[in-house]
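Source file input.tsv; content: TSV, C-alpha atoms.
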chain	number	residue	atom	x	y	z
A	264	MET	CA	-25.65	13.01	11.28
A	265	ALA	CA	-25.33	16.77	10.86
A	266	PHE	CA	-28.04	19.37	11.46
A	267	SER	CA	-28.35	22.69	9.68
A	268	ALA	CA	-28.59	25.90	11.71
A	269	ASP	CA	-32.34	26.03	11.02
A	270	GLU	CA	-32.83	22.43	12.17
A	271	LEU	CA	-30.83	23.11	15.33
A	272	ARG	CA	-33.07	26.07	16.09
A	273	VAL	CA	-36.16	23.85	15.76
A	274	LEU	CA	-34.55	21.12	17.85
A	275	ARG	CA	-33.54	23.56	20.60
A	276	ARG	CA	-37.06	24.99	20.67
A	277	ALA	CA	-38.64	21.49	20.83
A	278	LEU	CA	-36.33	20.47	23.69
A	279	ALA	CA	-37.16	23.65	25.62
A	280	ILE	CA	-40.86	22.99	25.18
A	281	ALA	CA	-40.43	19.36	26.28
A	282	LEU	CA	-38.80	20.60	29.49
A	283	HIS	CA	-41.31	23.41	30.06
A	284	PRO	CA	-44.61	22.40	28.40
A	285	MET	CA	-46.66	25.19	26.89
A	286	PRO	CA	-48.97	25.56	23.88
A	287	LEU	CA	-47.14	25.70	20.55
A	288	PRO	CA	-48.02	27.83	17.56
A	289	ASP	CA	-49.00	25.80	14.50
A	290	GLU	CA	-45.84	26.88	12.70
A	291	ASP	CA	-43.66	25.37	15.45
A	292	VAL	CA	-45.60	22.09	15.31
A	293	GLN	CA	-45.06	21.95	11.55
A	294	ASP	CA	-41.32	22.69	11.97
A	295	CYS	CA	-40.99	19.90	14.55
A	296	LEU	CA	-42.84	17.42	12.34
A	297	ARG	CA	-40.61	18.33	9.36
A	298	LEU	CA	-37.50	17.85	11.50
A	299	ALA	CA	-38.79	14.48	12.74
A	300	GLY	CA	-39.42	13.46	9.13
A	301	ALA	CA	-35.90	14.50	8.12
A	302	VAL	CA	-34.40	12.50	11.00
A	303	ASP	CA	-36.52	9.47	10.03
A	304	GLU	CA	-35.31	9.78	6.45
A	305	ALA	CA	-31.67	9.99	7.56
A	306	VAL	CA	-32.08	6.93	9.81
A	307	GLY	CA	-33.71	5.02	6.95
A	308	GLU	CA	-30.89	5.98	4.58
A	309	ALA	CA	-28.31	4.85	7.15
A	310	GLY	CA	-30.12	1.51	7.41
A	311	ARG	CA	-30.12	1.10	3.62
A	312	LEU	CA	-26.41	1.95	3.46
A	313	ARG	CA	-25.67	-0.55	6.24
A	314	THR	CA	-27.62	-3.27	4.40
A	315	PHE	CA	-25.67	-2.52	1.23
A	316	LEU	CA	-22.31	-2.61	3.03
A	317	LEU	CA	-23.12	-5.93	4.72
A	318	ALA	CA	-24.19	-7.43	1.38
A	319	ASP	CA	-20.93	-6.17	-0.11
A	320	LEU	CA	-19.04	-7.80	2.78
A	321	VAL	CA	-20.71	-11.15	1.98
A	322	ARG	CA	-19.78	-10.81	-1.72
A	323	TYR	CA	-16.15	-10.12	-0.85
A	324	ARG	CA	-16.08	-13.01	1.65
A	325	ASN	CA	-17.48	-15.38	-1.00
A	326	ALA	CA	-14.77	-14.25	-3.44
A	327	LEU	CA	-11.90	-15.07	-1.07
A	328	PRO	CA	-8.92	-15.53	-1.36
A	329	GLY	CA	-8.83	-13.22	-4.40
A	330	SER	CA	-10.49	-10.34	-2.55
A	331	VAL	CA	-8.49	-10.41	0.69
A	332	SER	CA	-7.59	-6.73	0.94
A	333	GLY	CA	-11.12	-5.55	0.07
A	334	TYR	CA	-12.70	-8.04	2.46
A	335	LEU	CA	-10.46	-7.05	5.37
A	336	GLU	CA	-11.13	-3.35	4.77
A	337	LEU	CA	-14.91	-3.88	4.54
A	338	LEU	CA	-14.89	-6.05	7.66
A	339	GLN	CA	-13.04	-3.32	9.60
A	340	ASP	CA	-15.63	-0.75	8.45
A	341	ALA	CA	-18.50	-3.06	9.40
A	342	LEU	CA	-17.02	-3.75	12.85
A	343	ALA	CA	-16.64	0.00	13.41
A	344	GLY	CA	-20.36	0.31	12.59
A	345	GLY	CA	-21.38	-2.25	15.24
A	346	TYR	CA	-21.46	-5.43	13.11
A	347	ASP	CA	-21.39	-8.73	15.01
A	348	PRO	CA	-19.10	-11.13	13.13
A	349	GLY	CA	-20.67	-14.46	12.27
A	350	PRO	CA	-19.23	-17.96	11.95
A	351	ASP	CA	-18.48	-17.37	8.25
A	352	ASP	CA	-16.37	-14.33	9.11
A	353	LEU	CA	-14.46	-16.24	11.78
A	354	ALA	CA	-13.81	-19.15	9.39
A	355	ALA	CA	-12.60	-16.78	6.66
A	356	LEU	CA	-10.28	-14.99	9.08
A	357	ARG	CA	-8.88	-18.30	10.36
A	358	ALA	CA	-8.00	-19.21	6.79
A	359	LEU	CA	-6.27	-15.84	6.34
A	360	ARG	CA	-4.54	-15.64	9.73
A	361	HIS	CA	-1.07	-15.82	8.14
A	362	ARG	CA	-1.61	-12.14	7.28
A	363	PRO	CA	-1.00	-9.77	10.22
A	364	VAL	CA	-4.13	-7.67	9.59
A	365	ALA	CA	-6.31	-10.79	9.38
A	366	ALA	CA	-4.76	-12.20	12.57
A	367	ALA	CA	-5.51	-8.98	14.47
A	368	LEU	CA	-9.07	-8.92	13.08
A	369	LEU	CA	-9.53	-12.57	14.06
A	370	GLU	CA	-8.67	-11.79	17.68
A	371	ARG	CA	-11.03	-8.81	17.70
A	372	CYS	CA	-13.86	-10.79	16.05
A	373	GLN	CA	-13.49	-13.70	18.47
A	374	VAL	CA	-13.88	-11.32	21.42
A	375	LEU	CA	-16.93	-9.67	19.82
A	376	ALA	CA	-18.52	-13.02	18.91
A	377	GLU	CA	-17.97	-14.37	22.43
A	378	ARG	CA	-19.47	-11.23	23.96
A	379	SER	CA	-22.48	-11.51	21.66
A	380	VAL	CA	-23.06	-15.17	22.54
A	381	ARG	CA	-22.79	-14.44	26.28
A	382	ALA	CA	-25.29	-11.58	25.95
A	383	ARG	CA	-27.76	-13.81	24.09
A	384	LEU	CA	-27.38	-16.57	26.67
A	385	ALA	CA	-27.93	-14.04	29.46
A	386	GLY	CA	-31.29	-13.20	27.90
A	387	ARG	CA	-30.38	-9.77	26.60
A	388	ALA	CA	-31.31	-9.49	22.97
A	389	VAL	CA	-28.29	-8.01	21.26
A	390	SER	CA	-29.01	-7.33	17.65
A	391	ALA	CA	-26.97	-5.12	15.36
A	392	LYS	CA	-28.83	-6.30	12.27
A	393	ALA	CA	-31.25	-3.37	12.03
A	394	PRO	CA	-31.70	-0.08	13.85
A	395	ALA	CA	-34.49	0.04	16.42
A	396	PRO	CA	-37.65	1.67	15.10
A	397	ARG	CA	-38.05	5.25	16.27
A	398	SER	CA	-41.41	6.48	17.45
A	399	ARG	CA	-42.98	9.53	15.84
A	400	LEU	CA	-42.91	12.91	17.54
A	401	LEU	CA	-46.42	13.11	19.01
A	402	ALA	CA	-45.88	14.69	22.43
A	403	LEU	CA	-46.15	18.30	21.29
A	404	PRO	CA	-49.02	20.44	22.59
A	405	GLY	CA	-51.51	20.46	19.75
A	406	GLY	CA	-49.73	17.35	18.52
A	407	ARG	CA	-50.17	15.57	15.25
A	408	ALA	CA	-53.94	16.05	15.15
A	409	ALA	CA	-53.46	19.81	14.93
A	410	ALA	CA	-50.80	19.37	12.25
A	411	GLU	CA	-53.00	17.05	10.17
A	412	ALA	CA	-56.07	19.26	10.51
A	413	GLU	CA	-54.22	22.32	9.21
A	414	PRO	CA	-54.09	22.57	5.40
A	415	GLU	CA	-50.63	22.59	3.84
A	416	ARG	CA	-49.35	26.14	3.73
A	417	PRO	CA	-47.56	27.38	0.63
A	418	LYS	CA	-43.79	27.37	0.76
A	419	THR	CA	-42.11	30.68	1.44
A	420	PRO	CA	-38.90	31.78	-0.28
A	421	ALA	CA	-37.02	31.11	2.98
A	422	GLU	CA	-38.06	27.44	2.82
A	423	PRO	CA	-36.21	25.74	-0.06
A	424	ALA	CA	-38.13	23.23	-2.12
A	425	ARG	CA	-37.05	19.62	-1.68
A	426	PRO	CA	-35.72	18.05	-4.85
A	427	THR	CA	-37.92	15.28	-6.17
A	428	ARG	CA	-36.95	12.28	-8.24
A	429	PRO	CA	-38.56	11.87	-11.65
A	430	ALA	CA	-41.35	9.29	-11.65
A	431	GLY	CA	-40.14	5.79	-12.40
A	432	ARG	CA	-36.52	6.49	-11.48
A	433	PRO	CA	-35.29	4.35	-8.57
A	434	ALA	CA	-33.26	5.74	-5.70
A	435	PRO	CA	-29.52	5.69	-6.43
A	436	LYS	CA	-27.49	2.84	-4.98
A	437	PRO	CA	-24.87	3.70	-2.35
A	438	SER	CA	-22.16	2.62	-4.81
A	439	GLU	CA	-23.38	5.30	-7.23
A	440	VAL	CA	-23.39	7.99	-4.56
A	441	PHE	CA	-20.22	6.98	-2.69
A	442	PRO	CA	-17.44	5.90	-5.07
A	443	PRO	CA	-15.08	3.20	-3.78
A	444	ARG	CA	-12.03	4.38	-1.89
A	445	ARG	CA	-8.75	3.93	-3.66
A	446	ARG	CA	-5.59	3.36	-1.71
A	447	PRO	CA	-2.57	5.41	-2.79
A	448	VAL	CA	0.05	3.43	-4.66
A	449	PRO	CA	3.50	3.69	-3.04
A	450	PRO	CA	6.30	4.91	-5.34
A	451	PRO	CA	8.50	2.12	-6.75
A	452	GLN	CA	11.66	1.54	-4.75
A	453	GLN	CA	14.93	2.07	-6.53
A	454	ARG	CA	17.44	-0.75	-6.44
A	455	ALA	CA	21.02	0.01	-5.61
A	456	ALA	CA	23.56	-1.51	-7.96
A	457	GLY	CA	26.34	-3.24	-6.31

Take the structure in this file and express it as structure tokens.
Amino acid sequence: MAFSADELRVLRRALAIALHPMPLPDEDVQDCLRLAGAVDEAVGEAGRLRTFLLADLVRYRNALPGSVSGYLELLQDALAGGYDPGPDDLAALRALRHRPVAAALLERCQVLAERSVRARLAGRAVSAKAPAPRSRLLALPGGRAAAEAEPERPKTPAEPARPTRPAGRPAPKPSEVFPPRRRPVPPPQQRAAG
């Protein structure tokens, strides 16, 4: 997640106030609430993207053995994002273990699956299915009540308007926003006569 210079200024100011409490001007409360909303939106988008990628992983796994390279690549991406491999993933990798990449992924997934089972048996709930809900930013002096009581101020030229979607148009799918990665094709090897 990347912050703009303006968002970093608001974040730095909010952290300073959290360390040294003092009354906040209404404008600072509004800035903090906008930043919290932007972070919530980014977290929600990351959750939607993760759900899409995991659904894509299931589709590729169901299409095996024809989708081996795509499945292995998606599984590596999902593992890098904290995905806990399930029994279906382990079974698919066992069937593909004659491939070096699949064999290495099988070893990695077995370790992760064992660690996950041990954590569950130890009573620690380990869940990588969904991000933990984040609480709203309410600890500011004046807090949310002051922000809700104040009427919405008109936007200034320094504050860009947020683009809105036309009514009735759904949010774009991750596949529409992020095109699939294409691997470069190696040049054909020349055969030596002789």

Using all atoms listed in the file, determine which residues lie at most 12 Å from segment 373-383 of chain A, disregarding the query and same-chain residues fewer than 5 positions distant; provide the list as an NGL selection string. :A and (342-343 or 345-354 or 356-357 or 365-368 or 388-391)

Given all atoms listed in the file as the basis, pick out the residue of A:Leu274, A:Arg311, A:Asn325, A:Phe266 nearest to Asp294 of chain A. A:Leu274

Distance in Å - atom CA of Leu316 of chain A versus atom CA of Ala341 of chain A: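 Spanning atom CA of Leu316 of chain A to atom CA of Ala341 of chain A is a straight-line distance of 7.4 Å.
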
Which distance in Å separates atom CA of Leu384 of chain A and atom CA of Ala309 of chain A, to one decimal?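 Atom-to-atom, atom CA of Leu384 of chain A to atom CA of Ala309 of chain A, that is 29.0 Å.
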
Interatomic distance, atom CA of Val302 of chain A to atom CA of Leu287 of chain A (Å, one decimal): 20.7 Å

Starting from 3 Å padding per side, set up an axis-aligned box that covers all listed atoms of segment 295-311 of chain A and hand over centre and edge lengths in Å, one decimal, as JSON.
{"center_x": -35.6, "center_y": 10.5, "center_z": 9.1, "size_x": 20.5, "size_y": 24.8, "size_z": 16.9}

Determine, counting only C-alpha atoms, which protein, DNA and RNA residues have an atom within 12 Å of an atom of Ser332 of chain A; residues of the same chain fewer than 2 positions away are not included. Present the result as a PyMOL selection string. chain A and resi 320+323-324+326-330+334-339+356+359+362-365+445-446

Counting all atoms listed in the file, figure out which residue out of A:Glu270, A:Val321, A:Gln452, A:Glu370 gets nearest to Gly300 of chain A. A:Glu270

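Omitting Ile280 of chain A and its sequence neighbours fewer than 4 positions away, and counting all atoms listed in the file, the residues within 12 Å are Val273, Leu274, Arg275, Arg276, Pro284, Met285, Pro286, Leu287, Pro288, Asp291, Val292, Cys295, Ala402, Leu403 and Pro404 of chain A.
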